[in-house]
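See below for the structure under consideration.
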Amino acid sequence: MSSQQLSPSVRRVAVVGGARIPFARSDGPYATASNQQMLTAALDGLVERYGLRGPGAVGEFVAGAVLKHARDFNLARETVLGSGLHPSTPAYDIQQACGTGLQAVIAAANKIALGQIDSAVAGGADTASDAPLGVNDSLRRILLEVRRATSPGARLKALAKVRPGHLVPDIPRNAEPRTGLSMGEHAAVTAHAQGIPRDAQDQLAATSHQRLAAAYERGFFQDLVVPFRGLARDQNLRPGSTVEKLAALKPVFGLGHPDPTMTAGNSTPLTDGAATVLLASEEWARERGLEPAAYLTAYETAAVDFVGGDVAGGEDGLLMAPAYAVPRMLERAGLGLDDFDLVEIHEAFASQVLATLAAWEKRGLGTVDRARLNVAGSSLATGHPFAATGARIVATLAKLLAERDAPARGLISVCAAGGQGVTAILERA
């Protein structure tokens, strides 16, 4: 073990770059890939790109996954041991639903800012294809009773309680434990409450695909995406997506509401993938001849009462926490929405993005010019492996800022299950 005293002042945290594998639809090319295999592939891409081999090359690795097998209890550390990073690199797991990737970045950045480490890799991975199947809870209780039995007769008596129905496994559900509603159904409640129109959702979705396709065509992702299992681009990408094509799809969420608006086309699909991002102090980057793409200058989290709050009114819907986090963060930073050249809002659903924009406007933050919003596409086009999205967005936004000749600033907003939100600011000096 080693220890360091804290630096006397807070240091700037640089975003050096990122690496991810192409995101794939569940039960597709990555159907047999584990979280660890995907995360290792993304991490190795970063290691090769930035020469991170050797003892002490990276101070720490922090990452997580939302859908985890019991074997993934030490996912980050096992990923290090199977990667190009030196085995002496410390690692730990983190999890905050869809905010996991960004929260991992924040956790690593805090240690760099305080001088505890000089560099770190943050990220996340998720597979909807290889989701864990749990033992039926009734069967689990019987098996525990068998284990506690002190005689053969007691064991047989416990085993006699097993019924055919107990052999049906518990399959993970995309539903909130306290409401029983899926994330899509929760988003539909907010969309209905706020009157988010269908055509606006379809327009946002089509734009996301078109912008992601354009970014690939101009080579933007050449140093951000590492080919994996036959994929070189995000599998969910539909370059020919149009409002007219999306308008033909039938609604799949909110069917209990009049005129439901949410379809498979304006919602993110279940996705497999992994992403990483390299963070460092300015000194660490300079010593290695690496030019920071941007700097992480502020971050904020928030949560809403999506069970007993103003849910029917659209204020406290499951995915509305960024509506509270961003105003607090901007007030603390002394900034307004007009001060941002680029805005990245995680597109869990098109309706959720539009509801967030409307909430910011209602709170007096102003409007976001759509020409500055998700300019290289976002989750509706790339897909959304839950824990990987935050790192994907950080690396993408940092590079977009680095492409600009003049100083620039970018805003990140990520909604998460459990009524939470994680937000951040990146700046290019």
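Scheme for the structure tokens: letters A, B, ... for chains in order shown; per-chain residue numbers from 1; ligand numbers from 1 in order shown.
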
When you look at Ala387 of chain A with a cut-off of 8 Å (counting only C-alpha atoms), what residues show up, excluding the ones that are within fewer than 2 positions of it in the same chain? I need them as a PyMOL selection string. chain A and resi 64-66+95+97-101+123-126+274+385+389-390

- request: Looking only at helix (DSSP H, G or I) from DSSP on the backbone, list the matching residues of segment 241-359 of chain A as a ChimeraX atom specification.
  value: /A:243-247,282-287,322-333,337-339,350-359

Which residues of segment 81-196 of chain A sit at most 12 Å from segment 403-423 of chain A, using only C-alpha atoms? Give each one's shortest atom pair and distance in Å (one decimal place), in chain and ascending residue order, as a Markdown table.
| residue | atom | partner | partner_atom | distance |
| --- | --- | --- | --- | --- |
| A:Gln95 | CA | A:Ala416 | CA | 10.8 |
| A:Gln96 | CA | A:Ala416 | CA | 7.4 |
| A:Ala97 | CA | A:Ala416 | CA | 5.7 |
| A:Cys98 | CA | A:Ala416 | CA | 4.6 |
| A:Gly99 | CA | A:Ala416 | CA | 5.5 |
| A:Thr100 | CA | A:Ala416 | CA | 8.6 |
| A:Gly101 | CA | A:Val422 | CA | 9.7 |
| A:Leu102 | CA | A:Val422 | CA | 7.0 |
| A:Gln103 | CA | A:Val422 | CA | 7.1 |
| A:Ala104 | CA | A:Val422 | CA | 10.8 |
| A:Val105 | CA | A:Val422 | CA | 10.9 |
| A:Ile106 | CA | A:Val422 | CA | 9.6 |
| A:Asn174 | CA | A:Ala417 | CA | 9.5 |
| A:Ala175 | CA | A:Ala417 | CA | 9.0 |
| A:Glu176 | CA | A:Gly418 | CA | 7.0 |
| A:Pro177 | CA | A:Gly418 | CA | 9.0 |
| A:Arg178 | CA | A:Gly418 | CA | 9.2 |
| A:Thr179 | CA | A:Gly418 | CA | 10.4 |
| A:Gly180 | CA | A:Gly418 | CA | 11.9 |
| A:Leu181 | CA | A:Ala417 | CA | 11.2 |
| A:Ser182 | CA | A:Ala417 | CA | 9.6 |
| A:Met183 | CA | A:Ala417 | CA | 7.2 |
| A:Gly184 | CA | A:Ala417 | CA | 10.8 |
| A:His186 | CA | A:Ala417 | CA | 10.0 |
| A:Ala187 | CA | A:Ala417 | CA | 10.9 |

Taking only residues of segment 303-407 of chain A that have an atom at most 12 Å from an atom of segment 291-298 of chain A, what is each one's shortest atom pair and its distance in Å to one decimal, using only C-alpha atoms, in chain and number order, as CSV?
residue,atom,partner,partner_atom,distance
A:Ala325,CA,A:Ala298,CA,11.5
A:Val326,CA,A:Ala298,CA,10.5
A:Arg328,CA,A:Ala298,CA,10.9
A:Met329,CA,A:Ala298,CA,7.2
A:Leu330,CA,A:Ala298,CA,8.9
A:Glu331,CA,A:Ala298,CA,11.2
A:Arg332,CA,A:Ala298,CA,8.9
A:Ala333,CA,A:Ala298,CA,7.4
A:Gly334,CA,A:Ala298,CA,11.1
A:Leu335,CA,A:Ala298,CA,11.1
A:Val394,CA,A:Leu296,CA,9.2
A:Ala395,CA,A:Ala293,CA,8.7
A:Thr396,CA,A:Ala293,CA,10.0
A:Leu397,CA,A:Ala294,CA,8.6
A:Ala398,CA,A:Ala294,CA,5.2
A:Lys399,CA,A:Ala293,CA,5.8
A:Leu400,CA,A:Ala293,CA,8.5
A:Leu401,CA,A:Ala294,CA,6.8
A:Ala402,CA,A:Ala293,CA,5.0
A:Glu403,CA,A:Ala293,CA,8.5
A:Arg404,CA,A:Ala293,CA,10.2
A:Asp405,CA,A:Ala293,CA,11.7
A:Pro407,CA,A:Ala294,CA,9.7

Same residues, N, CA, C and O atoms, output as a tab-separated table (two decimals), in the first residue's frame:
chain	number	residue	atom	x	y	z
A	325	ALA	N	-30.58	19.28	-11.12
A	325	ALA	CA	-29.13	19.29	-10.99
A	325	ALA	C	-28.48	20.40	-11.81
A	325	ALA	O	-27.58	21.10	-11.32
A	326	VAL	N	-28.91	20.57	-13.03
A	326	VAL	CA	-28.28	21.56	-13.91
A	326	VAL	C	-28.46	22.99	-13.40
A	326	VAL	O	-27.47	23.76	-13.35
A	328	ARG	N	-28.75	24.05	-10.37
A	328	ARG	CA	-27.88	24.20	-9.21
A	328	ARG	C	-26.42	24.32	-9.64
A	328	ARG	O	-25.66	25.15	-9.11
A	329	MET	N	-26.02	23.49	-10.58
A	329	MET	CA	-24.64	23.51	-11.04
A	329	MET	C	-24.31	24.83	-11.74
A	329	MET	O	-23.24	25.42	-11.51
A	330	LEU	N	-25.23	25.30	-12.57
A	330	LEU	CA	-24.98	26.55	-13.29
A	330	LEU	C	-24.93	27.74	-12.34
A	330	LEU	O	-24.11	28.65	-12.51
A	331	GLU	N	-25.79	27.73	-11.33
A	331	GLU	CA	-25.77	28.82	-10.36
A	331	GLU	C	-24.44	28.83	-9.60
A	331	GLU	O	-23.85	29.90	-9.37
A	332	ARG	N	-23.97	27.66	-9.22
A	332	ARG	CA	-22.71	27.56	-8.50
A	332	ARG	C	-21.54	28.00	-9.37
A	332	ARG	O	-20.57	28.61	-8.89
A	333	ALA	N	-21.62	27.71	-10.68
A	333	ALA	CA	-20.54	28.07	-11.60
A	333	ALA	C	-20.68	29.48	-12.15
A	333	ALA	O	-19.77	29.98	-12.82
A	334	GLY	N	-21.82	30.12	-11.87
A	334	GLY	CA	-22.04	31.46	-12.39
A	334	GLY	C	-22.23	31.49	-13.89
A	334	GLY	O	-21.80	32.41	-14.58
A	335	LEU	N	-22.90	30.46	-14.42
A	335	LEU	CA	-23.10	30.32	-15.87
A	335	LEU	C	-24.57	30.19	-16.22
A	335	LEU	O	-25.40	29.84	-15.38
A	394	VAL	N	-18.56	11.74	-22.21
A	394	VAL	CA	-17.42	12.56	-21.79
A	394	VAL	C	-16.35	12.57	-22.88
A	394	VAL	O	-15.83	13.64	-23.25
A	395	ALA	N	-15.99	11.40	-23.39
A	395	ALA	CA	-14.95	11.32	-24.42
A	395	ALA	C	-15.39	12.02	-25.70
A	395	ALA	O	-14.59	12.73	-26.34
A	396	THR	N	-16.65	11.85	-26.09
A	396	THR	CA	-17.16	12.48	-27.31
A	396	THR	C	-17.17	13.99	-27.18
A	396	THR	O	-16.70	14.71	-28.08
A	397	LEU	N	-17.71	14.49	-26.08
A	397	LEU	CA	-17.78	15.94	-25.89
A	397	LEU	C	-16.39	16.56	-25.80
A	397	LEU	O	-16.14	17.63	-26.37
A	398	ALA	N	-15.47	15.90	-25.11
A	398	ALA	CA	-14.12	16.43	-24.99
A	398	ALA	C	-13.48	16.58	-26.37
A	398	ALA	O	-12.83	17.60	-26.66
A	399	LYS	N	-13.67	15.60	-27.23
A	399	LYS	CA	-13.07	15.70	-28.57
A	399	LYS	C	-13.76	16.78	-29.39
A	399	LYS	O	-13.11	17.51	-30.15
A	400	LEU	N	-15.08	16.89	-29.27
A	400	LEU	CA	-15.79	17.95	-29.99
A	400	LEU	C	-15.29	19.33	-29.58
A	400	LEU	O	-15.13	20.22	-30.42
A	401	LEU	N	-15.03	19.51	-28.30
A	401	LEU	CA	-14.50	20.78	-27.82
A	401	LEU	C	-13.08	21.00	-28.34
A	401	LEU	O	-12.71	22.12	-28.70
A	402	ALA	N	-12.29	19.93	-28.38
A	402	ALA	CA	-10.90	20.04	-28.83
A	402	ALA	C	-10.81	20.41	-30.31
A	402	ALA	O	-9.79	20.97	-30.75
A	403	GLU	N	-11.83	20.10	-31.07
A	403	GLU	CA	-11.83	20.43	-32.50
A	403	GLU	C	-11.96	21.93	-32.74
A	403	GLU	O	-11.67	22.41	-33.84
A	404	ARG	N	-12.41	22.67	-31.74
A	404	ARG	CA	-12.62	24.10	-31.90
A	404	ARG	C	-11.32	24.87	-31.64
A	404	ARG	O	-10.58	24.56	-30.71
A	405	ASP	N	-11.09	25.87	-32.44
A	405	ASP	CA	-9.87	26.66	-32.29
A	405	ASP	C	-9.94	27.56	-31.05
A	405	ASP	O	-8.94	27.79	-30.38
A	407	PRO	N	-11.57	28.93	-27.24
A	407	PRO	CA	-12.06	28.33	-25.99
A	407	PRO	C	-13.54	27.98	-26.12
A	407	PRO	O	-14.30	28.70	-26.79

So that each row is one residue of segment 332-357 of chain A with an atom at most 12 Å from segment 255-268 of chain A, can you give its shortest atom pair and the distance in Å to one decimal, using only C-alpha atoms, rows by chain and rising number, as a tab-separated table?
residue	atom	partner	partner_atom	distance
A:His346	CA	A:Thr268	CA	10.2
A:Glu347	CA	A:Thr268	CA	7.3
A:Ala348	CA	A:Thr268	CA	5.7
A:Phe349	CA	A:Ser267	CA	4.4
A:Ala350	CA	A:Asn266	CA	5.4
A:Ser351	CA	A:Met262	CA	7.4
A:Gln352	CA	A:Ser267	CA	9.4
A:Val353	CA	A:Asn266	CA	10.7
A:Leu354	CA	A:Asn266	CA	11.5

* Tell me, which residues of segment 2-221 of chain A carry DSSP strand (DSSP E or B), written as a ChimeraX atom specification? -> /A:13-20,24-25,61-64,91-93,96,98,119-126,134,170,175,182

Which residues are near Arg141 of chain A? Cut-off 12 Å, only C-alpha atoms, ignore same chain within fewer than 4 positions. Put them as a list in words.
Val135, Asn136, Asp137, Glu145, Val146, Arg147, Arg148, Ala158, Leu159, Lys161, Val162 and His166 of chain A

To one decimal place in Å, what is the distance between atom CA of Arg363 of chain A and atom CA of His192 of chain A?
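Atom-to-atom, atom CA of Arg363 of chain A to atom CA of His192 of chain A, that is 19.7 Å.
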
Between atom CA of Asp199 of chain A and atom CA of Glu244 of chain A, distance in Å (one decimal):
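Between these atoms lies a distance of 9.3 Å.
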
Just to confirm, what's the straight-line distance from atom CA of Ala191 of chain A to atom CA of Pro239 of chain A in Å (one decimal)?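 Taking atom CA of Ala191 of chain A and atom CA of Pro239 of chain A, their separation equals 26.3 Å.
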
Of A:Gly383, A:Gly317, A:Gly18, A:Gly28, the one nearest to Leu46 of chain A when counting only C-alpha atoms is A:Gly18

- Query: Skipping near chain neighbours, those fewer than 4 positions away, what residues fall within 10 Å of Gly51 of chain A using only C-alpha atoms, listed as number ranges by chain?
  - Reply: A: 45-47, 57, 84-85, 288

Worksheet item: Between A:Ala19, A:Thr242, A:Phe61, A:Leu290, which one has atoms that come closest to Gln203 of chain A, using only C-alpha atoms?
Response: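 Using only C-alpha atoms, Gln203 of chain A sits closest to A:Thr242.
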
**Prompt:** Any idea what's packed within 12 Å of Gly289 of chain A, counting only C-alpha atoms, ignoring anything in its chain fewer than 6 positions away? Could you give it as a ChimeraX atom specification?
**Reply:** /A:16,50-51,282-283

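By only C-alpha atoms, and with residues fewer than 6 positions from Ser9 of chain A along its chain excluded, the set lying at most 9 Å from it is A:Ala113, A:Leu114, A:Gly115.
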
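Here the question is which of A:Gln37, A:Gly240, A:Pro327, A:Val10 gets nearest to Glu300 of chain A using only C-alpha atoms, and that residue is A:Pro327.
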